[in-house]
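This is upload.txt (compact mmCIF, C-alpha atoms and all ligand atoms).
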# COMPACT_ATOMS: atom_id res chain seq x y z
CA MET W 1 -36.02 39.63 24.85
CA SER W 2 -33.38 38.04 22.65
CA ARG W 3 -32.35 34.50 21.90
CA LEU W 4 -28.80 34.68 20.61
CA VAL W 5 -27.67 31.67 18.60
CA LYS W 6 -24.22 31.04 17.14
CA ILE W 7 -23.92 29.01 13.93
CA SER W 8 -20.46 28.15 12.63
CA GLY W 9 -19.56 28.29 8.94
CA MET W 10 -22.83 28.82 7.09
CA VAL W 11 -22.62 27.92 3.39
CA ASP W 12 -25.10 28.49 0.57
CA PRO W 13 -23.99 26.00 -2.10
CA HIS W 14 -26.29 27.36 -4.82
CA VAL W 15 -26.12 31.00 -5.87
CA HIS W 16 -25.86 32.98 -9.10
CA LEU W 17 -23.75 36.02 -8.19
CA ARG W 18 -23.77 37.67 -11.65
CA GLY W 19 -20.90 40.17 -12.15
CA LEU W 20 -18.92 40.53 -15.42
CA GLU W 21 -21.36 40.95 -18.33
CA TRP W 22 -24.30 40.85 -15.93
CA SER W 23 -23.02 43.43 -13.46
CA HIS W 24 -26.20 45.48 -13.93
CA LYS W 25 -28.07 42.66 -12.12
CA GLY W 26 -25.46 42.30 -9.39
CA THR W 27 -21.71 42.37 -8.87
CA PHE W 28 -19.47 39.97 -7.00
CA HIS W 29 -19.20 42.72 -4.39
CA SER W 30 -22.93 43.47 -4.07
CA GLU W 31 -24.04 39.84 -4.02
CA THR W 32 -21.34 38.59 -1.62
CA SER W 33 -22.40 41.56 0.57
CA ALA W 34 -25.93 40.12 0.40
CA ALA W 35 -24.44 36.78 1.47
CA LEU W 36 -22.84 38.33 4.57
CA ALA W 37 -26.04 40.21 5.38
CA GLY W 38 -27.83 36.86 5.14
CA GLY W 39 -25.38 35.35 7.64
CA TYR W 40 -23.27 33.32 5.23
CA TRP W 41 -19.56 32.59 5.55
CA ALA W 42 -19.37 31.21 2.00
CA VAL W 43 -21.26 30.78 -1.25
CA LEU W 44 -20.79 28.48 -4.25
CA ASP W 45 -21.47 30.25 -7.55
CA MET W 46 -23.14 28.67 -10.59
CA PRO W 47 -21.60 28.73 -14.10
CA ASN W 48 -24.51 29.98 -16.25
CA THR W 49 -23.75 33.71 -16.14
CA PRO W 50 -22.14 35.20 -19.27
CA PRO W 51 -19.46 34.44 -20.18
CA SER W 52 -20.45 30.89 -19.09
CA THR W 53 -17.85 29.19 -16.90
CA VAL W 54 -17.20 26.34 -19.33
CA ARG W 55 -13.63 26.90 -20.59
CA GLN W 56 -10.38 27.54 -18.81
CA SER W 57 -10.27 31.13 -20.10
CA GLY W 58 -13.81 31.96 -18.94
CA LEU W 59 -13.09 30.38 -15.58
CA GLN W 60 -9.92 32.45 -15.20
CA THR W 61 -11.82 35.66 -16.03
CA LYS W 62 -14.38 34.87 -13.34
CA LEU W 63 -11.73 33.81 -10.81
CA ASN W 64 -9.92 37.14 -11.27
CA ALA W 65 -13.10 39.20 -10.92
CA ILE W 66 -14.55 37.45 -7.88
CA ASP W 67 -11.16 37.28 -6.18
CA ALA W 68 -10.87 41.08 -6.43
CA GLU W 69 -14.40 41.82 -5.19
CA ALA W 70 -15.77 39.14 -2.86
CA VAL W 71 -16.34 39.98 0.80
CA CYS W 72 -17.24 36.42 1.84
CA ASP W 73 -15.47 33.16 1.00
CA TRP W 74 -16.53 31.43 -2.18
CA GLY W 75 -16.20 28.60 -4.65
CA LEU W 76 -17.03 28.37 -8.35
CA TYR W 77 -18.76 25.59 -10.25
CA TYR W 78 -17.60 24.61 -13.69
CA GLY W 79 -20.37 24.08 -16.27
CA ALA W 80 -20.84 20.99 -18.44
CA THR W 81 -21.65 21.74 -22.09
CA ALA W 82 -23.69 20.02 -24.76
CA ASP W 83 -20.62 20.00 -27.03
CA ASN W 84 -18.82 17.98 -24.33
CA ASN W 85 -16.09 20.08 -22.71
CA SER W 86 -14.94 17.15 -20.53
CA ALA W 87 -11.45 17.26 -22.08
CA THR W 88 -10.89 20.52 -20.18
CA TYR W 89 -11.54 18.95 -16.75
CA PRO W 90 -7.90 18.22 -15.83
CA SER W 91 -6.96 21.86 -16.40
CA ILE W 92 -9.70 23.34 -14.18
CA ILE W 93 -10.35 20.78 -11.47
CA ASP W 94 -8.10 22.35 -8.82
CA ASP W 95 -9.79 25.74 -9.10
CA VAL W 96 -13.47 24.76 -8.79
CA CYS W 97 -15.82 23.33 -6.17
CA GLY W 98 -17.76 21.00 -8.47
CA LEU W 99 -19.45 20.47 -11.83
CA LYS W 100 -22.94 21.75 -12.68
CA ILE W 101 -25.02 19.93 -15.26
CA TYR W 102 -28.23 21.59 -16.47
CA ASN W 103 -30.59 18.84 -17.58
CA ASN W 104 -33.73 20.96 -17.93
CA ALA W 105 -34.19 24.40 -19.46
CA THR W 106 -33.31 27.50 -17.44
CA THR W 107 -31.41 30.82 -17.66
CA GLY W 108 -28.38 30.59 -19.99
CA ASP W 109 -27.48 28.12 -22.75
CA LEU W 110 -26.07 25.16 -20.82
CA LEU W 111 -28.97 22.73 -21.31
CA ILE W 112 -27.93 19.12 -21.96
CA ASP W 113 -30.93 17.03 -22.93
CA THR W 114 -29.25 13.96 -24.39
CA GLN W 115 -28.37 11.12 -22.04
CA THR W 116 -25.25 10.14 -24.02
CA ILE W 117 -23.66 13.57 -23.45
CA ARG W 118 -24.66 13.56 -19.78
CA GLU W 119 -23.02 10.15 -19.56
CA GLN W 120 -19.73 11.54 -20.94
CA HIS W 121 -19.68 14.17 -18.20
CA PHE W 122 -20.36 11.62 -15.47
CA ARG W 123 -17.64 9.37 -16.89
CA TYR W 124 -14.88 11.98 -17.03
CA TRP W 125 -15.60 14.24 -14.05
CA PRO W 126 -12.99 13.54 -11.30
CA ALA W 127 -14.78 11.71 -8.49
CA HIS W 128 -13.34 13.71 -5.58
CA LYS W 129 -15.50 16.79 -6.25
CA PRO W 130 -19.33 16.71 -6.36
CA ILE W 131 -21.56 16.96 -9.41
CA ALA W 132 -24.58 19.25 -8.93
CA VAL W 133 -27.56 18.76 -11.21
CA HIS W 134 -30.59 20.70 -12.28
CA ALA W 135 -33.03 17.84 -12.89
CA GLU W 136 -36.81 18.05 -12.72
CA GLY W 137 -39.47 15.31 -12.75
CA GLU W 138 -38.56 12.24 -14.81
CA THR W 139 -35.13 13.70 -15.53
CA VAL W 140 -34.23 12.86 -11.90
CA VAL W 141 -34.63 9.19 -12.85
CA ASP W 142 -32.31 9.62 -15.86
CA ILE W 143 -29.62 11.19 -13.69
CA LEU W 144 -29.99 8.55 -10.98
CA GLN W 145 -29.19 5.97 -13.64
CA LEU W 146 -25.82 7.69 -14.19
CA VAL W 147 -25.19 7.95 -10.44
CA ARG W 148 -25.86 4.21 -10.18
CA GLN W 149 -23.46 3.53 -13.06
CA TYR W 150 -20.55 5.81 -12.01
CA ARG W 151 -21.11 6.15 -8.23
CA LYS W 152 -20.02 9.80 -8.31
CA PHE W 153 -21.46 11.99 -5.56
CA THR W 154 -24.36 14.01 -6.97
CA HIS W 155 -26.23 16.90 -5.37
CA PHE W 156 -29.76 17.38 -6.68
CA CYS W 157 -30.44 21.13 -6.65
CA HIS W 158 -33.75 22.85 -5.88
CA ILE W 159 -35.95 19.76 -5.57
CA SER W 160 -39.55 20.98 -5.68
CA THR W 161 -42.08 18.15 -5.99
CA ALA W 162 -43.41 15.14 -4.09
CA GLU W 163 -42.57 13.00 -7.13
CA GLU W 164 -38.88 14.03 -7.07
CA ILE W 165 -38.67 13.48 -3.31
CA GLY W 166 -40.03 9.98 -3.93
CA TYR W 167 -37.31 9.16 -6.50
CA LEU W 168 -34.53 10.53 -4.30
CA SER W 169 -35.74 8.92 -1.07
CA ALA W 170 -35.64 5.59 -2.90
CA ALA W 171 -32.15 6.39 -4.23
CA LYS W 172 -30.93 7.10 -0.70
CA ALA W 173 -32.50 3.87 0.56
CA GLU W 174 -30.63 2.09 -2.25
CA GLY W 175 -27.38 3.60 -0.97
CA LEU W 176 -26.63 5.86 -3.92
CA PRO W 177 -24.30 8.81 -3.17
CA VAL W 178 -26.82 11.66 -3.51
CA SER W 179 -27.89 14.74 -1.58
CA ILE W 180 -31.01 16.89 -1.82
CA GLY W 181 -31.26 20.68 -1.81
CA ILE W 182 -34.51 22.61 -1.37
CA CYS W 183 -35.11 26.35 -1.82
CA PRO W 184 -37.06 28.56 0.60
CA HIS W 185 -39.33 29.81 -2.20
CA HIS W 186 -40.54 26.24 -2.81
CA LEU W 187 -41.30 25.95 0.92
CA TYR W 188 -43.01 29.29 1.48
CA LEU W 189 -44.65 30.02 -1.87
CA SER W 190 -46.82 27.93 -4.20
CA GLU W 191 -48.51 28.25 -7.57
CA ASN W 192 -51.32 30.03 -5.71
CA ASP W 193 -48.96 33.00 -5.24
CA VAL W 194 -48.19 33.42 -8.95
CA PRO W 195 -51.27 35.59 -9.71
CA HIS W 196 -50.27 38.30 -7.22
CA LEU W 197 -46.48 37.96 -7.54
CA GLY W 198 -46.47 37.97 -11.34
CA ALA W 199 -42.90 37.77 -12.69
CA LEU W 200 -41.50 38.13 -9.16
CA GLY W 201 -42.81 34.63 -8.55
CA ARG W 202 -41.22 33.26 -11.69
CA MET W 203 -38.21 30.97 -11.33
CA LYS W 204 -36.95 27.55 -12.48
CA PRO W 205 -38.10 25.14 -11.16
CA GLU W 206 -41.48 26.91 -11.03
CA LEU W 207 -43.65 27.27 -7.94
CA LYS W 208 -45.61 24.09 -7.35
CA THR W 209 -48.86 22.91 -5.72
CA LYS W 210 -49.67 23.07 -2.02
CA ALA W 211 -49.43 19.27 -1.93
CA ASP W 212 -45.85 19.50 -3.22
CA VAL W 213 -45.02 22.17 -0.64
CA ASN W 214 -46.35 19.89 2.10
CA ALA W 215 -44.29 16.97 0.77
CA LEU W 216 -41.10 19.09 0.94
CA TRP W 217 -41.77 20.05 4.57
CA GLN W 218 -42.51 16.41 5.36
CA ALA W 219 -39.23 15.32 3.73
CA ILE W 220 -37.33 17.88 5.82
CA SER W 221 -38.94 16.65 9.02
CA GLU W 222 -38.06 13.06 8.10
CA GLY W 223 -34.40 14.00 7.60
CA VAL W 224 -34.38 13.15 3.88
CA VAL W 225 -33.33 16.68 2.86
CA ASP W 226 -29.67 17.68 3.22
CA VAL W 227 -29.48 21.36 2.34
CA ILE W 228 -31.54 24.54 2.19
CA GLU W 229 -30.09 26.57 -0.70
CA SER W 230 -31.33 29.95 -1.89
CA ASP W 231 -30.78 29.64 -5.68
CA HIS W 232 -30.15 33.39 -5.32
CA ALA W 233 -30.62 34.61 -8.93
CA PRO W 234 -31.09 38.39 -9.07
CA HIS W 235 -32.61 40.09 -12.11
CA THR W 236 -33.44 43.79 -12.13
CA LEU W 237 -37.00 44.92 -11.45
CA ALA W 238 -37.10 46.47 -14.93
CA GLU W 239 -36.21 43.10 -16.48
CA LYS W 240 -38.84 41.38 -14.36
CA LEU W 241 -41.48 43.82 -15.60
CA MET W 242 -40.73 43.18 -19.29
CA PRO W 243 -43.18 41.14 -21.43
CA THR W 244 -40.91 38.07 -21.32
CA PRO W 245 -39.27 38.31 -17.91
CA PRO W 246 -36.26 36.18 -16.97
CA SER W 247 -36.60 33.43 -14.36
CA GLY W 248 -34.95 33.73 -10.97
CA VAL W 249 -35.37 35.39 -7.58
CA PRO W 250 -32.92 36.74 -4.98
CA GLY W 251 -32.78 34.79 -1.72
CA LEU W 252 -29.50 35.13 0.18
CA GLU W 253 -30.87 37.61 2.71
CA THR W 254 -34.20 35.91 3.35
CA THR W 255 -33.27 32.22 3.78
CA LEU W 256 -32.24 32.29 7.42
CA PRO W 257 -35.12 34.49 8.65
CA LEU W 258 -37.57 32.22 6.82
CA LEU W 259 -36.04 29.22 8.59
CA GLY W 260 -36.25 31.25 11.81
CA LEU W 261 -39.97 31.58 11.16
CA ALA W 262 -40.18 27.77 10.85
CA LEU W 263 -38.26 27.49 14.13
CA HIS W 264 -40.66 29.92 15.78
CA GLU W 265 -43.66 27.96 14.49
CA GLY W 266 -42.24 24.64 15.67
CA ARG W 267 -41.77 23.22 12.16
CA LEU W 268 -37.98 22.94 12.49
CA THR W 269 -35.54 22.54 15.36
CA LEU W 270 -32.40 24.61 15.74
CA GLU W 271 -30.34 21.45 15.21
CA GLN W 272 -32.09 20.85 11.88
CA ILE W 273 -31.41 24.44 10.76
CA VAL W 274 -27.70 24.17 11.64
CA ALA W 275 -27.46 20.93 9.66
CA LEU W 276 -29.30 22.34 6.63
CA VAL W 277 -27.44 25.66 6.25
CA ALA W 278 -23.99 24.85 7.64
CA ASP W 279 -22.90 21.33 8.61
CA ASN W 280 -24.36 19.41 5.66
CA PRO W 281 -23.28 21.76 2.83
CA ARG W 282 -19.76 21.93 4.33
CA HIS W 283 -19.65 18.15 4.48
CA ILE W 284 -20.97 17.61 0.94
CA PHE W 285 -18.47 20.03 -0.60
CA HIS W 286 -15.55 19.04 1.70
CA LEU W 287 -15.22 22.53 3.15
CA ALA W 288 -13.39 23.01 6.44
CA CYS W 289 -14.78 25.81 8.61
CA PRO W 290 -11.88 28.17 9.36
CA PRO W 291 -11.27 29.08 13.00
CA GLU W 292 -13.48 31.82 14.46
CA THR W 293 -15.91 31.75 11.55
CA TYR W 294 -19.50 32.05 12.70
CA THR W 295 -22.76 33.97 12.64
CA LEU W 296 -24.69 35.39 15.58
CA ILE W 297 -28.45 35.46 15.11
CA ASP W 298 -31.21 36.78 17.33
CA PHE W 299 -34.04 34.28 16.89
CA GLU W 300 -36.49 36.34 18.95
CA TYR W 301 -36.31 39.29 16.57
CA THR W 302 -39.35 39.57 14.31
CA TYR W 303 -39.50 41.90 11.33
CA ILE W 304 -41.14 42.45 7.95
CA ILE W 305 -39.09 41.89 4.81
CA ASP W 306 -38.62 45.26 3.11
CA ARG W 307 -36.64 45.91 -0.07
CA GLN W 308 -35.14 49.06 1.51
CA ASN W 309 -33.04 46.87 3.79
CA LEU W 310 -31.59 44.49 1.20
CA HIS W 311 -27.96 44.53 0.03
CA THR W 312 -28.62 42.63 -3.22
CA ARG W 313 -28.34 45.02 -6.16
CA CYS W 314 -31.68 43.99 -7.63
CA GLY W 315 -33.46 45.53 -4.63
CA TRP W 316 -36.59 43.40 -4.44
CA SER W 317 -37.75 40.12 -2.91
CA PRO W 318 -40.61 37.72 -3.65
CA PHE W 319 -41.08 37.59 0.14
CA GLU W 320 -41.52 41.33 0.59
CA GLY W 321 -44.13 42.08 3.26
CA MET W 322 -43.71 38.71 5.02
CA ARG W 323 -43.15 38.71 8.76
CA VAL W 324 -40.06 36.62 9.52
CA VAL W 325 -37.98 35.75 12.56
CA GLY W 326 -34.24 36.09 13.06
CA LYS W 327 -31.91 39.04 12.75
CA ILE W 328 -28.29 38.55 11.74
CA ILE W 329 -26.37 40.36 14.50
CA GLU W 330 -22.76 39.68 13.44
CA VAL W 331 -20.76 37.60 10.99
CA TRP W 332 -17.14 36.66 11.70
CA ILE W 333 -14.72 35.09 9.22
CA ARG W 334 -11.24 33.92 10.29
CA GLY W 335 -11.36 36.02 13.45
CA GLN W 336 -12.45 39.22 11.66
CA LYS W 337 -15.85 40.82 12.12
CA VAL W 338 -17.15 41.23 8.56
CA TYR W 339 -20.77 42.29 9.19
CA ASN W 340 -22.20 44.14 12.18
CA GLY W 341 -25.91 43.73 11.52
CA GLU W 342 -26.05 46.78 9.25
CA GLN W 343 -22.81 47.38 7.41
CA ILE W 344 -20.30 45.26 5.55
CA LEU W 345 -16.95 45.63 7.31
CA ALA W 346 -14.76 43.45 5.09
CA PRO W 347 -12.80 45.10 2.26
CA SER W 348 -13.32 44.03 -1.38
CA GLY W 349 -11.25 40.93 -2.06
CA PHE W 350 -11.34 39.73 1.57
CA GLY W 351 -13.11 36.50 0.50
CA ARG W 352 -11.05 33.46 -0.45
CA ASN W 353 -11.48 30.66 -2.92
CA LEU W 354 -12.30 27.72 -0.66
CA CYS W 355 -11.12 25.25 -3.21
CA HIS W 356 -7.60 26.59 -2.80
CA ASN W 357 -7.63 27.06 0.93
CA SER W 358 -10.08 24.90 2.81
CA LEU W 359 -10.36 21.51 1.18
CA ILE W 360 -10.49 18.56 3.55
CA PRO W 361 -8.57 15.68 1.90
O1 LIG W 401 -34.87 30.65 -11.91
C1 LIG W 401 -33.71 30.38 -12.13
N1 LIG W 401 -32.83 31.34 -12.42
N2 LIG W 401 -33.32 29.11 -12.10
C2 LIG W 401 -32.09 28.73 -12.48
O2 LIG W 401 -31.79 27.55 -12.44
C3 LIG W 401 -31.14 29.75 -12.99
C4 LIG W 401 -31.44 31.08 -12.46
C5 LIG W 401 -30.71 32.23 -13.13
O3 LIG W 401 -29.51 32.09 -13.37
O4 LIG W 401 -31.32 33.26 -13.37
ZN ZN W 402 -29.75 27.94 -9.81

Target format structure tokens, applied to this file:
Amino acid sequence: MSRLVKISGMVDPHVHLRGLEWSHKGTFHSETSAALAGGYWAVLDMPNTPPSTVRQSGLQTKLNAIDAEAVCDWGLYYGATADNNSATYPSIIDDVCGLKIYNNATTGDLLIDTQTIREQHFRYWPAHKPIAVHAEGETVVDILQLVRQYRKFTHFCHISTAEEIGYLSAAKAEGLPVSIGICPHHLYLSENDVPHLGALGRMKPELKTKADVNALWQAISEGVVDVIESDHAPHTLAEKLMPTPPSGVPGLETTLPLLGLALHEGRLTLEQIVALVADNPRHIFHLACPPETYTLIDFEYTYIIDRQNLHTRCGWSPFEGMRVVGKIIEVWIRGQKVYNGEQILAPSGFGRNLCHNSLIP
């Protein structure tokens, strides 16, 4: 039996594609291939991969590389720096999808832990493109203060605790312009999985308690959550097995089948899934779905996640061995079949920068 579902214009607004100096972890070609295999039309790439996307020259280097290699459509975030690079905003704003501000420690060197510097970024960032923030715990409250002051749309990435959901639910009730993203690993894994996963269960924000996991599911069912985002952050298995392993897990190819599992178990409706992986991220980032751009998924198909079948260069998954539901049958972009359920059909460079081509005024 099969249950074929068509979802138009799926977007993952939070990925780390690697490439350039980190091409051993993944290339723009390998990781956008993983995006297509995961059903995505488009991905928005974070700025913390060397060379960090924080100057016009670094941005141009990344634009050239991804433009030559990408097989799905894409956008790039610009990164805010602790030495305040806000003077460069006018020169880069037309090429990027938004600004990323790292307010708690993670991979890379873009941490900003002083409120006065954060404030400068909120003041000078042009209001027509979103700000995305990494903010955990009490830091969410600090950022909400800036949202209240400047009223600039702010997407809170990878929210992982009941406490953070509480702050952001209140902010929404207050009418602040905010959205909430949650990652599949914070929904399907908890701190109880760390002993057996080891470094493969290590990411920022870290895995949390069962009570937090339940609070995230509850927030989704109440409609408080806007986006499911993978935070796809591949590191090689060899790096993960080192004494001080880097944080981050791949996720582009497992997000939709994990949501399919939730559909199968009655935890989510199809309408909720479409909103979380397609309609809401397109709306938040002002992305118009091009004509004939959609994904066909068989939501009756059950399978076990196996590293052999992944396109991501890192070749492992924290969900390996899990039984999930939903096979990507085809992906179409602008009337062209780009994935047939097994192979990538689009040539390198097929993907376009959405911030040049698809912005809704
Ligand atoms: O675990 C993480 N890894 N969290 C992040 O925020 C960054 C990412 C990476 O780039 O490796
Ligand atoms: Zn991230």

### Message
Any residue with an atom at most 8 Å from ligand ZN 402 (chain W) counts, using all atoms listed in the file. Which are they? Put them as a list in words.
### Response
His14, Val15, His16, Met46, His134, Cys157, His158, Lys204, Asp231, His232, Ala233 and Gly248 of chain W

### Separation of atom CA of Ala80 of chain W from atom CA of Leu110 of chain W, in Å and rounded to one decimal
7.1 Å

### Gly341 of chain W environment, 10 Å, only C-alpha atoms, sequence neighbours closer than 3 positions dropped, as a PyMOL selection string
chain W and resi 36-39+296-297+327-331+338+344

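Proximity of W:Asn192, W:Ser2, W:Ser23, W:Thr49 to ligand LIG 401 (chain W), computed with all atoms listed in the file, is greatest for W:Thr49.
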
### Task
Could you check how far atom CA of Leu216 of chain W sits from atom CA of Ile228 of chain W, in Å to one decimal?
11.1 Å

### Message
Restricting the calculation to all atoms listed in the file: of W:Gly26, W:Pro246, W:Gly58, W:Gly335, which residue gets closest to ligand LIG 401 (chain W)?
### Response
W:Pro246
